[in-house]
Amino acid sequence: MQKEVIKQTTKPPFSLLKATRKTHKWLMLFLGVQFVIWSVTGAYMVFFNIDYIHGDTLVKNQQVSLVDANVNFSIKALLRQYPLAKKIELSSFLTKPVYRFKVGEDNVLLDANSGRLLSPITKIDAVAVAQQEYTGEGDIVSISLITENPPFELRASVLPAWRINFDDFAEPTLYVSATSGKIVGKRHEFWRLFDWIFRFHVMDYQDSEVDNNLLFTFSFFGLLAGLSGLILLYFRLSNKRAQ
Amino acid sequence: MTAIKKIHKWASLIVGLQVLIWLGSGFYFNLMDHTKAKGTQYRISNVQPVNIEIERLIEPEALLKKQSEQSKNDQNKSTITIVSITLSQLLSQPIYVINQNRALYPHFLNEYTLVDAYSGKEVIIDAEKAEKLASASYKGPGEVINVSFLENGNDDFPKEQNATWRVNYDDELNTSIYIEVGSGRLVGHSNDDKRFADFFFMLHFMDYGMEGNFNSVQIILFAFITLWLTLTGFIWTIELALNGQYQFTLFSKNRAVKLLNKKQQPLGEVILNAHTNLLDGLTENNINIPSVCGGGGTCGSCRILLSPAAPINQAEREKLSVSQLKKGYRLSCQQFLAGNKTITLVN
Ligand code: FES
């Protein structure tokens, strides 16, 4: 078949296929890396069970019953001694019944039998709490008291707290409040990684959360890129059938 | 590369629509009003603390004693544990919250008994109490329409595992307030704004069963396939770049090239841009080169004849035979003006 070349001055007809291919190709040059980041971080978040990520398997959550405990220090005496006490709770600390309450921002821990002040708890007691609750087998590798500048993984409101690191898979850490004696944090490497993964997923590179401009730009053009990809898919499938 | 392109195609066929949903819902999360999405427009944040008359309080120890005796007398029943007793308040009534089974979080299954902190009498959160508790946390203009008991879970707070009372209001946002049956705890406020946002979360997390998490089988499967989609796309993009398919047409030079027909007879000259591939360049000059894939290097129908010295890329190796390549046949969508003086049109 011989081709005739007809010189025309008009523009060639618009080709949706060509325009879409160009759009997809060029957008993905700039967005491709982010698509990979989205899918890798997204996969990480859905593959690992969220309760596991939250370290629920690190602690026993023991139910120590108070039923036959000796509680000789009365709540009336407590309120007379600490008139500003709020959120008073009778519960247990290691094997002892205790009162836990707040005075302003501070936690107070009292022996419920003798009324003796237990807070701040000793290092030995903090370790005992961690060992009592920890589900793993590993030994303790390090113990430190954090009073200021908490690491990213610990809320400042629970300070001061003992940080107890265990020698186990994924480097588990339990945080025990130095004032309430409660477990206030539990972490392992998978959660630490999850925190970063999430920030990459929402493109939060400077603590500005989900509503940042970077994510706006990328998800807007990402939508166009995705849409053009679907159109290309449509062309490719319909051509296969025609051939 | 054929395998990469095939995987890219099939993966996009399976997860393509969901990827668009992910992008669309993600875009929505970026834009949405985060305060509205919380559903707390009509929520009163601070509760008025009651003044406790210390002398009237019964001792928590008395509650323990009572339980201890009950367990002793009642031989058949398994012993009841008491993990904690907390002095709290229900509206203006001081109460003790007795926790018999303390879960890791309040929304996990807990077991409570409530007693009046003055009389020691058990307090039950019935529909009437639940309504009062709900209304104490509500500052909207609506009235209560109905109160219903939900045994396990609810669509507004799918993570909540405890039984709740739902109190519905007739305000313009259709506010619902949830009160935990066991403890009287305010689970939360929900309304149409929150439900609208939750719908997008449901789509984003593929959480069609409203489990309140993103670990369902379907999303794990889709995430896995999406990994293949993006990784193959990534490789494809790199391949395109290595083949010089990313060229800016601005700033580049135009040059004339001679066209020949199948029988090597001259057809005339066209001006082509050095940074446009030959398929696009010829099409712009109204020379129709057949193309099924639109320049993707996957259909092989855009063949032209250049010189045997012209570079050969992966797509051409797959779509053209060795003898064709030796003769100088190439895919016009993969080639550039480069040093070519003549182009022979073959189709
Ligand atoms: S246009 Fe399909 S291979 Fe060139």
# chains A, B, ... in the order shown; residues from 1 in each chain; ligands from 1
>>> residues_around(residues="Asn168 (chain B)", least_positions_apart="2", cutoff="10 Å", atoms="only C-alpha atoms", output="list in words")
Glu131, Ala134, Gly142, Glu143, Val144, Ile145, Asn146, Val147, Ser148, Trp165, Arg166, Asp170, Asp171, Asn174, Thr175, Ser176, Ile177, Tyr178, Ser190 and Asn191 of chain B
>>> write_last_selection(atoms="all heavy atoms", output="compact mmCIF listing (two decimals), in the first residue's frame")
# COMPACT_ATOMS: atom_id res chain seq x y z
N GLU B 131 -30.12 8.71 79.06
CA GLU B 131 -30.59 9.92 78.40
C GLU B 131 -30.12 11.16 79.16
O GLU B 131 -29.68 12.14 78.56
CB GLU B 131 -32.12 9.88 78.31
CG GLU B 131 -32.67 11.07 77.55
CD GLU B 131 -34.19 11.11 77.55
OE1 GLU B 131 -34.83 10.04 77.56
OE2 GLU B 131 -34.72 12.24 77.54
N ALA B 134 -26.42 11.61 78.64
CA ALA B 134 -26.15 12.10 77.29
C ALA B 134 -26.45 13.60 77.22
O ALA B 134 -25.64 14.39 76.74
CB ALA B 134 -26.97 11.33 76.28
N GLY B 142 -31.24 20.36 69.79
CA GLY B 142 -32.20 19.27 69.57
C GLY B 142 -32.82 18.71 70.83
O GLY B 142 -32.39 18.99 71.95
N GLU B 143 -33.87 17.91 70.61
CA GLU B 143 -34.51 17.16 71.68
C GLU B 143 -34.24 15.68 71.45
O GLU B 143 -34.00 15.26 70.32
CB GLU B 143 -36.03 17.38 71.65
CG GLU B 143 -36.47 18.81 71.92
CD GLU B 143 -36.29 19.22 73.37
OE1 GLU B 143 -36.39 18.33 74.24
OE2 GLU B 143 -36.03 20.41 73.62
N VAL B 144 -34.32 14.90 72.52
CA VAL B 144 -34.11 13.46 72.38
C VAL B 144 -35.28 12.84 71.62
O VAL B 144 -36.44 13.12 71.90
CB VAL B 144 -33.98 12.80 73.76
CG1 VAL B 144 -33.89 11.29 73.64
CG2 VAL B 144 -32.76 13.34 74.49
N ILE B 145 -34.97 12.04 70.60
CA ILE B 145 -36.02 11.33 69.87
C ILE B 145 -36.21 9.94 70.44
O ILE B 145 -37.31 9.50 70.72
CB ILE B 145 -35.69 11.13 68.37
CG1 ILE B 145 -35.07 12.37 67.76
CG2 ILE B 145 -36.93 10.69 67.60
CD1 ILE B 145 -34.54 12.11 66.37
N ASN B 146 -35.10 9.23 70.57
CA ASN B 146 -35.22 7.88 71.12
C ASN B 146 -33.91 7.43 71.74
O ASN B 146 -32.86 7.99 71.50
CB ASN B 146 -35.68 6.88 70.04
CG ASN B 146 -34.75 6.90 68.84
OD1 ASN B 146 -33.52 6.92 68.98
ND2 ASN B 146 -35.32 6.91 67.64
N VAL B 147 -34.02 6.40 72.59
CA VAL B 147 -32.86 5.82 73.26
C VAL B 147 -32.89 4.33 72.96
O VAL B 147 -33.92 3.69 73.14
CB VAL B 147 -32.95 6.04 74.79
CG1 VAL B 147 -31.72 5.48 75.48
CG2 VAL B 147 -33.13 7.51 75.12
N SER B 148 -31.79 3.81 72.46
CA SER B 148 -31.81 2.37 72.17
C SER B 148 -30.58 1.67 72.73
O SER B 148 -29.51 2.26 72.85
CB SER B 148 -31.95 2.12 70.67
OG SER B 148 -31.12 3.00 69.96
N TRP B 165 -25.71 2.54 75.22
CA TRP B 165 -27.00 3.15 74.94
C TRP B 165 -26.76 4.20 73.86
O TRP B 165 -25.80 4.97 73.95
CB TRP B 165 -27.56 3.87 76.17
CG TRP B 165 -28.04 2.96 77.26
CD1 TRP B 165 -27.41 2.71 78.44
CD2 TRP B 165 -29.26 2.23 77.30
NE1 TRP B 165 -28.15 1.85 79.21
CE2 TRP B 165 -29.31 1.53 78.53
CE3 TRP B 165 -30.33 2.08 76.41
CZ2 TRP B 165 -30.37 0.71 78.90
CZ3 TRP B 165 -31.39 1.26 76.78
CH2 TRP B 165 -31.40 0.57 78.01
N ARG B 166 -27.63 4.24 72.88
CA ARG B 166 -27.54 5.30 71.88
C ARG B 166 -28.70 6.26 72.07
O ARG B 166 -29.86 5.86 72.07
CB ARG B 166 -27.58 4.75 70.45
CG ARG B 166 -27.47 5.87 69.41
CD ARG B 166 -27.47 5.35 68.00
NE ARG B 166 -28.67 4.59 67.74
CZ ARG B 166 -28.74 3.59 66.84
NH1 ARG B 166 -27.69 3.27 66.14
NH2 ARG B 166 -29.87 2.95 66.66
N ASP B 170 -32.89 15.28 67.64
CA ASP B 170 -33.53 15.70 66.39
C ASP B 170 -32.93 17.01 65.86
O ASP B 170 -33.62 17.77 65.20
CB ASP B 170 -35.05 15.81 66.57
CG ASP B 170 -35.44 16.91 67.56
OD1 ASP B 170 -34.51 17.51 68.16
OD2 ASP B 170 -36.64 17.15 67.73
N ASP B 171 -31.64 17.27 66.13
CA ASP B 171 -31.03 18.47 65.57
C ASP B 171 -30.69 18.26 64.10
O ASP B 171 -30.84 17.15 63.57
CB ASP B 171 -29.80 18.89 66.39
CG ASP B 171 -28.76 17.79 66.47
OD1 ASP B 171 -28.61 17.03 65.49
OD2 ASP B 171 -28.10 17.66 67.53
N ASN B 174 -28.39 15.38 63.18
CA ASN B 174 -28.75 14.03 63.63
C ASN B 174 -27.73 13.48 64.62
O ASN B 174 -27.17 12.39 64.43
CB ASN B 174 -28.87 13.08 62.43
CG ASN B 174 -30.07 13.40 61.58
OD1 ASN B 174 -31.15 13.69 62.10
ND2 ASN B 174 -29.88 13.41 60.28
N THR B 175 -27.50 14.24 65.67
CA THR B 175 -26.52 13.84 66.68
C THR B 175 -26.95 12.56 67.39
O THR B 175 -28.13 12.39 67.70
CB THR B 175 -26.34 14.97 67.72
OG1 THR B 175 -25.90 16.13 67.03
CG2 THR B 175 -25.34 14.58 68.79
N SER B 176 -25.99 11.68 67.59
CA SER B 176 -26.20 10.50 68.44
C SER B 176 -25.14 10.52 69.52
O SER B 176 -23.98 10.80 69.24
CB SER B 176 -26.04 9.20 67.65
OG SER B 176 -27.00 9.10 66.64
N ILE B 177 -25.55 10.22 70.75
CA ILE B 177 -24.60 10.18 71.86
C ILE B 177 -24.62 8.78 72.43
O ILE B 177 -25.68 8.19 72.62
CB ILE B 177 -24.95 11.24 72.92
CG1 ILE B 177 -24.93 12.64 72.29
CG2 ILE B 177 -23.98 11.16 74.10
CD1 ILE B 177 -25.33 13.75 73.23
N TYR B 178 -23.42 8.25 72.68
CA TYR B 178 -23.30 6.88 73.16
C TYR B 178 -22.81 6.84 74.60
O TYR B 178 -21.84 7.53 74.95
CB TYR B 178 -22.34 6.08 72.27
CG TYR B 178 -22.89 5.90 70.87
CD1 TYR B 178 -22.74 6.89 69.90
CD2 TYR B 178 -23.60 4.76 70.54
CE1 TYR B 178 -23.26 6.73 68.63
CE2 TYR B 178 -24.14 4.58 69.27
CZ TYR B 178 -23.96 5.58 68.32
OH TYR B 178 -24.49 5.42 67.07
N SER B 190 -21.58 11.51 67.94
CA SER B 190 -21.44 11.34 66.50
C SER B 190 -22.55 12.13 65.83
O SER B 190 -23.58 12.40 66.44
CB SER B 190 -21.54 9.86 66.12
OG SER B 190 -21.34 9.72 64.74
N ASN B 191 -22.31 12.52 64.58
CA ASN B 191 -23.35 13.20 63.82
C ASN B 191 -23.09 13.03 62.34
O ASN B 191 -22.14 12.35 61.95
CB ASN B 191 -23.43 14.69 64.22
CG ASN B 191 -22.11 15.40 63.98
OD1 ASN B 191 -21.38 15.08 63.05
ND2 ASN B 191 -21.81 16.37 64.83
>>> residues_around(residues="Ala315 (chain B)", least_positions_apart="6", cutoff="9 Å", atoms="only C-alpha atoms", output="ChimeraX atom specification")
/B:1-2,296-298,300,331,334
>>> atom_distance(atom1="CA of Ala112 (chain A)", atom2="CA of Lys86 (chain A)")
16.1 Å
>>> residues_around(residues="region 11-27 of chain B", least_positions_apart="5", cutoff="8 Å", atoms="only C-alpha atoms", output="JSON list (two decimals) with N, CA and C atoms, in the first residue's frame")
[["chain", "number", "residue", "atom", "x", "y", "z"],
["A", 215, "LEU", "N", 0.87, 17.10, 50.76],
["A", 215, "LEU", "CA", -0.07, 16.01, 50.50],
["A", 215, "LEU", "C", -1.16, 16.48, 49.54],
["A", 216, "PHE", "N", -1.59, 17.73, 49.71],
["A", 216, "PHE", "CA", -2.60, 18.27, 48.81],
["A", 216, "PHE", "C", -2.11, 18.18, 47.36],
["A", 219, "SER", "N", -1.59, 14.45, 46.22],
["A", 219, "SER", "CA", -2.79, 13.64, 46.02],
["A", 219, "SER", "C", -3.64, 14.20, 44.88],
["A", 220, "PHE", "N", -3.58, 15.50, 44.67],
["A", 220, "PHE", "CA", -4.33, 16.07, 43.54],
["A", 220, "PHE", "C", -3.77, 15.56, 42.21],
["A", 222, "GLY", "N", -1.77, 13.13, 41.90],
["A", 222, "GLY", "CA", -1.83, 11.67, 41.96],
["A", 222, "GLY", "C", -3.16, 11.16, 41.42],
["A", 223, "LEU", "N", -4.24, 11.87, 41.73],
["A", 223, "LEU", "CA", -5.55, 11.51, 41.20],
["A", 223, "LEU", "C", -5.55, 11.55, 39.68],
["A", 226, "GLY", "N", -3.54, 8.67, 38.38],
["A", 226, "GLY", "CA", -4.26, 7.42, 38.53],
["A", 226, "GLY", "C", -5.36, 7.30, 37.49],
["A", 227, "LEU", "N", -6.07, 8.39, 37.29],
["A", 227, "LEU", "CA", -7.16, 8.40, 36.32],
["A", 227, "LEU", "C", -6.62, 8.14, 34.91],
["A", 230, "LEU", "N", -5.92, 4.56, 34.43],
["A", 230, "LEU", "CA", -7.10, 3.73, 34.19],
["A", 230, "LEU", "C", -7.59, 3.86, 32.75],
["A", 233, "LEU", "N", -5.45, 1.77, 30.67],
["A", 233, "LEU", "CA", -5.82, 0.36, 30.85],
["A", 233, "LEU", "C", -7.02, 0.03, 29.96],
["B", 200, "PHE", "N", -15.71, 7.92, 54.20],
["B", 200, "PHE", "CA", -14.45, 7.95, 53.43],
["B", 200, "PHE", "C", -13.38, 7.09, 54.09],
["B", 201, "PHE", "N", -13.38, 7.09, 55.44],
["B", 201, "PHE", "CA", -12.42, 6.22, 56.12],
["B", 201, "PHE", "C", -12.73, 4.75, 55.81],
["B", 203, "LEU", "N", -14.05, 3.60, 53.13],
["B", 203, "LEU", "CA", -13.57, 3.33, 51.78],
["B", 203, "LEU", "C", -12.05, 3.21, 51.75],
["B", 204, "HIS", "N", -11.38, 4.13, 52.45],
["B", 204, "HIS", "CA", -9.92, 4.15, 52.42],
["B", 204, "HIS", "C", -9.36, 2.87, 53.06],
["B", 222, "PHE", "N", -5.28, -6.37, 48.51],
["B", 222, "PHE", "CA", -5.17, -5.24, 47.58],
["B", 222, "PHE", "C", -3.85, -4.50, 47.77],
["B", 225, "ILE", "N", -1.14, -6.44, 45.99],
["B", 225, "ILE", "CA", -1.16, -6.28, 44.53],
["B", 225, "ILE", "C", -0.72, -4.87, 44.14],
["B", 226, "THR", "N", -1.11, -3.89, 44.96],
["B", 226, "THR", "CA", -0.72, -2.52, 44.67],
["B", 226, "THR", "C", 0.80, -2.35, 44.71],
["B", 228, "TRP", "N", 2.91, -4.50, 43.68],
["B", 228, "TRP", "CA", 3.36, -4.93, 42.35],
["B", 228, "TRP", "C", 3.09, -3.84, 41.32],
["B", 229, "LEU", "N", 1.93, -3.21, 41.44],
["B", 229, "LEU", "CA", 1.57, -2.15, 40.48],
["B", 229, "LEU", "C", 2.58, -1.01, 40.53]]
>>> interface_residues(of="chain B", to="chain A", cutoff="6 Å", atoms="only C-alpha atoms", output="ChimeraX atom specification")
/B:23,27,30,61,64,68,81-87,214-215,220,223,227,230,284,286,294
>>> closest_residue(among="B:Tyr105, B:Gln93, B:Asp33, B:Ile80", to="His54 (chain A)", atoms="only C-alpha atoms")
B:Tyr105
>>> atom_distance(atom1="CA of Asp111 (chain A)", atom2="CA of Ala62 (chain B)")
17.2 Å
>>> select_by_dssp(residues="region 25-237 of chain B", states="strand (DSSP E)", output="ChimeraX atom specification")
/B:84-90,93-101,111-116,122-123,144-150,164-169,176-180,186-190
>>> atom_distance(atom1="CA of His188 (chain A)", atom2="CA of Glu148 (chain A)")
21.2 Å
>>> residues_around(residues="region 106-121 of chain B", least_positions_apart="3", cutoff="6 Å", atoms="only C-alpha atoms", output="PyMOL selection string")
chain B and resi 56-58+94-103+160-162+182
>>> residues_around(residues="Trp196 (chain A)", least_positions_apart="5", cutoff="10 Å", atoms="only C-alpha atoms", output="PyMOL selection string")
chain A and resi 41+191+201+204-205
>>> select_by_dssp(residues="region 18-230 of chain A", states="helix (DSSP H, G or I)", output="JSON, numbers by chain")
{"A": [18, 19, 20, 21, 22, 23, 24, 25, 26, 27, 28, 29, 30, 31, 32, 33, 34, 35, 36, 37, 38, 39, 40, 41, 42, 43, 44, 45, 46, 47, 50, 51, 52, 53, 56, 57, 58, 75, 76, 77, 78, 79, 80, 81, 123, 124, 125, 126, 127, 128, 129, 130, 131, 132, 133, 156, 157, 158, 189, 190, 191, 192, 193, 194, 195, 196, 197, 198, 199, 200, 201, 213, 214, 215, 216, 217, 218, 219, 220, 221, 222, 223, 224, 225, 226, 227, 228, 229, 230]}
>>> residues_around(residues="region 262-266 of chain B", least_positions_apart="2", cutoff="10 Å", atoms="only C-alpha atoms", output="MDAnalysis selection string")
(chainID A and resid 1:3) or (chainID B and resid 258:260 268:269 304:305 342:347)
>>> residues_around(residues="region 115-119 of chain A", least_positions_apart="5", cutoff="6 Å", atoms="only C-alpha atoms", output="PDB file with all heavy atoms, in the first residue's frame")
ATOM      1  N   PHE A  73      -6.298   1.978 105.600  1.00  0.00           N
ATOM      2  CA  PHE A  73      -6.288   3.440 105.502  1.00  0.00           C
ATOM      3  C   PHE A  73      -7.570   3.862 104.798  1.00  0.00           C
ATOM      4  O   PHE A  73      -7.832   3.449 103.671  1.00  0.00           O
ATOM      5  CB  PHE A  73      -5.055   3.893 104.719  1.00  0.00           C
ATOM      6  CG  PHE A  73      -4.827   5.373 104.764  1.00  0.00           C
ATOM      7  CD1 PHE A  73      -4.421   5.998 105.950  1.00  0.00           C
ATOM      8  CD2 PHE A  73      -5.013   6.155 103.625  1.00  0.00           C
ATOM      9  CE1 PHE A  73      -4.200   7.369 105.983  1.00  0.00           C
ATOM     10  CE2 PHE A  73      -4.803   7.524 103.663  1.00  0.00           C
ATOM     11  CZ  PHE A  73      -4.387   8.125 104.847  1.00  0.00           C
ATOM     12  N   VAL A 108      -0.320  10.798  92.873  1.00  0.00           N
ATOM     13  CA  VAL A 108       0.140  10.407  94.201  1.00  0.00           C
ATOM     14  C   VAL A 108      -0.202   8.938  94.385  1.00  0.00           C
ATOM     15  O   VAL A 108      -1.252   8.462  93.945  1.00  0.00           O
ATOM     16  CB  VAL A 108      -0.533  11.259  95.306  1.00  0.00           C
ATOM     17  CG1 VAL A 108       0.005  10.866  96.686  1.00  0.00           C
ATOM     18  CG2 VAL A 108      -0.337  12.739  95.045  1.00  0.00           C
ATOM     19  N   LEU A 109       0.711   8.207  95.002  1.00  0.00           N
ATOM     20  CA  LEU A 109       0.520   6.793  95.260  1.00  0.00           C
ATOM     21  C   LEU A 109       0.664   6.571  96.761  1.00  0.00           C
ATOM     22  O   LEU A 109       1.677   6.935  97.363  1.00  0.00           O
ATOM     23  CB  LEU A 109       1.589   6.004  94.493  1.00  0.00           C
ATOM     24  CG  LEU A 109       1.519   4.485  94.487  1.00  0.00           C
ATOM     25  CD1 LEU A 109       0.300   4.019  93.702  1.00  0.00           C
ATOM     26  CD2 LEU A 109       2.790   3.900  93.865  1.00  0.00           C
ATOM     27  N   LEU A 110      -0.388   6.016  97.375  1.00  0.00           N
ATOM     28  CA  LEU A 110      -0.372   5.772  98.821  1.00  0.00           C
ATOM     29  C   LEU A 110      -0.578   4.298  99.094  1.00  0.00           C
ATOM     30  O   LEU A 110      -1.401   3.656  98.444  1.00  0.00           O
ATOM     31  CB  LEU A 110      -1.534   6.505  99.503  1.00  0.00           C
ATOM     32  CG  LEU A 110      -1.520   7.998  99.734  1.00  0.00           C
ATOM     33  CD1 LEU A 110      -2.686   8.328 100.672  1.00  0.00           C
ATOM     34  CD2 LEU A 110      -0.211   8.460 100.333  1.00  0.00           C
ATOM     35  N   THR A 179       5.407   8.103  89.323  1.00  0.00           N
ATOM     36  CA  THR A 179       4.510   8.614  90.354  1.00  0.00           C
ATOM     37  C   THR A 179       3.286   7.743  90.584  1.00  0.00           C
ATOM     38  O   THR A 179       2.797   7.639  91.702  1.00  0.00           O
ATOM     39  CB  THR A 179       4.050  10.045  90.019  1.00  0.00           C
ATOM     40  OG1 THR A 179       3.583  10.053  88.668  1.00  0.00           O
ATOM     41  CG2 THR A 179       5.190  11.029  90.170  1.00  0.00           C
TER      42      THR A 179
END
>>> closest_residue(among="B:Leu282, B:Val257, B:Ile125, B:Val322", to="Gly339 (chain B)", atoms="only C-alpha atoms")
B:Val257
>>> closest_residue(among="A:Val103, A:Ser238, A:Ala170, A:Tyr175", to="Ile53 (chain A)", atoms="only C-alpha atoms")
A:Ala170
>>> closest_residue(among="B:Pro290, B:Gly328, B:Gly140, B:Pro311", to="ligand 1", atoms="only C-alpha atoms and all ligand atoms")
B:Pro290
>>> decode(residues="region 108-125 of chain B", atoms="N, CA and C atoms", output="PDB file, in the first residue's frame")
ATOM      1  N   PHE B 108     -12.123  -1.787  75.093  1.00  0.00           N
ATOM      2  CA  PHE B 108     -12.105  -3.254  75.081  1.00  0.00           C
ATOM      3  C   PHE B 108     -13.130  -3.725  76.123  1.00  0.00           C
ATOM      4  N   LEU B 109     -13.491  -5.000  76.070  1.00  0.00           N
ATOM      5  CA  LEU B 109     -14.525  -5.515  76.972  1.00  0.00           C
ATOM      6  C   LEU B 109     -14.134  -5.385  78.446  1.00  0.00           C
ATOM      7  N   ASN B 110     -14.893  -4.596  79.174  1.00  0.00           N
ATOM      8  CA  ASN B 110     -14.674  -4.390  80.601  1.00  0.00           C
ATOM      9  C   ASN B 110     -15.895  -4.886  81.363  1.00  0.00           C
ATOM     10  N   GLU B 111     -15.715  -5.051  82.671  1.00  0.00           N
ATOM     11  CA  GLU B 111     -16.851  -5.447  83.499  1.00  0.00           C
ATOM     12  C   GLU B 111     -16.921  -4.516  84.697  1.00  0.00           C
ATOM     13  N   TYR B 112     -18.066  -3.905  84.906  1.00  0.00           N
ATOM     14  CA  TYR B 112     -18.196  -2.937  85.990  1.00  0.00           C
ATOM     15  C   TYR B 112     -19.436  -3.198  86.833  1.00  0.00           C
ATOM     16  N   THR B 113     -19.346  -2.716  88.062  1.00  0.00           N
ATOM     17  CA  THR B 113     -20.552  -2.540  88.865  1.00  0.00           C
ATOM     18  C   THR B 113     -20.470  -1.127  89.423  1.00  0.00           C
ATOM     19  N   LEU B 114     -21.586  -0.425  89.450  1.00  0.00           N
ATOM     20  CA  LEU B 114     -21.597   0.925  90.003  1.00  0.00           C
ATOM     21  C   LEU B 114     -22.398   0.920  91.296  1.00  0.00           C
ATOM     22  N   VAL B 115     -21.884   1.599  92.302  1.00  0.00           N
ATOM     23  CA  VAL B 115     -22.683   1.735  93.533  1.00  0.00           C
ATOM     24  C   VAL B 115     -22.682   3.199  93.976  1.00  0.00           C
ATOM     25  N   ASP B 116     -23.743   3.578  94.612  1.00  0.00           N
ATOM     26  CA  ASP B 116     -23.846   4.914  95.187  1.00  0.00           C
ATOM     27  C   ASP B 116     -22.774   5.032  96.279  1.00  0.00           C
ATOM     28  N   ALA B 117     -21.984   6.105  96.228  1.00  0.00           N
ATOM     29  CA  ALA B 117     -20.858   6.223  97.170  1.00  0.00           C
ATOM     30  C   ALA B 117     -21.319   6.574  98.582  1.00  0.00           C
ATOM     31  N   TYR B 118     -22.584   6.966  98.756  1.00  0.00           N
ATOM     32  CA  TYR B 118     -23.100   7.266 100.099  1.00  0.00           C
ATOM     33  C   TYR B 118     -23.850   6.079 100.679  1.00  0.00           C
ATOM     34  N   SER B 119     -24.685   5.439  99.835  1.00  0.00           N
ATOM     35  CA  SER B 119     -25.542   4.373 100.373  1.00  0.00           C
ATOM     36  C   SER B 119     -25.009   2.981 100.076  1.00  0.00           C
ATOM     37  N   GLY B 120     -24.134   2.858  99.079  1.00  0.00           N
ATOM     38  CA  GLY B 120     -23.638   1.545  98.700  1.00  0.00           C
ATOM     39  C   GLY B 120     -24.614   0.773  97.836  1.00  0.00           C
ATOM     40  N   LYS B 121     -25.764   1.397  97.524  1.00  0.00           N
ATOM     41  CA  LYS B 121     -26.757   0.716  96.678  1.00  0.00           C
ATOM     42  C   LYS B 121     -26.302   0.683  95.227  1.00  0.00           C
ATOM     43  N   GLU B 122     -26.608  -0.421  94.567  1.00  0.00           N
ATOM     44  CA  GLU B 122     -26.163  -0.551  93.187  1.00  0.00           C
ATOM     45  C   GLU B 122     -26.879   0.449  92.279  1.00  0.00           C
ATOM     46  N   VAL B 123     -26.142   1.011  91.358  1.00  0.00           N
ATOM     47  CA  VAL B 123     -26.708   1.962  90.390  1.00  0.00           C
ATOM     48  C   VAL B 123     -26.680   1.305  89.023  1.00  0.00           C
ATOM     49  N   ILE B 124     -27.829   1.300  88.369  1.00  0.00           N
ATOM     50  CA  ILE B 124     -27.909   0.703  87.037  1.00  0.00           C
ATOM     51  C   ILE B 124     -28.084   1.829  86.019  1.00  0.00           C
ATOM     52  N   ILE B 125     -27.357   1.758  84.932  1.00  0.00           N
ATOM     53  CA  ILE B 125     -27.540   2.750  83.869  1.00  0.00           C
ATOM     54  C   ILE B 125     -28.670   2.256  82.971  1.00  0.00           C
TER      55      ILE B 125
END
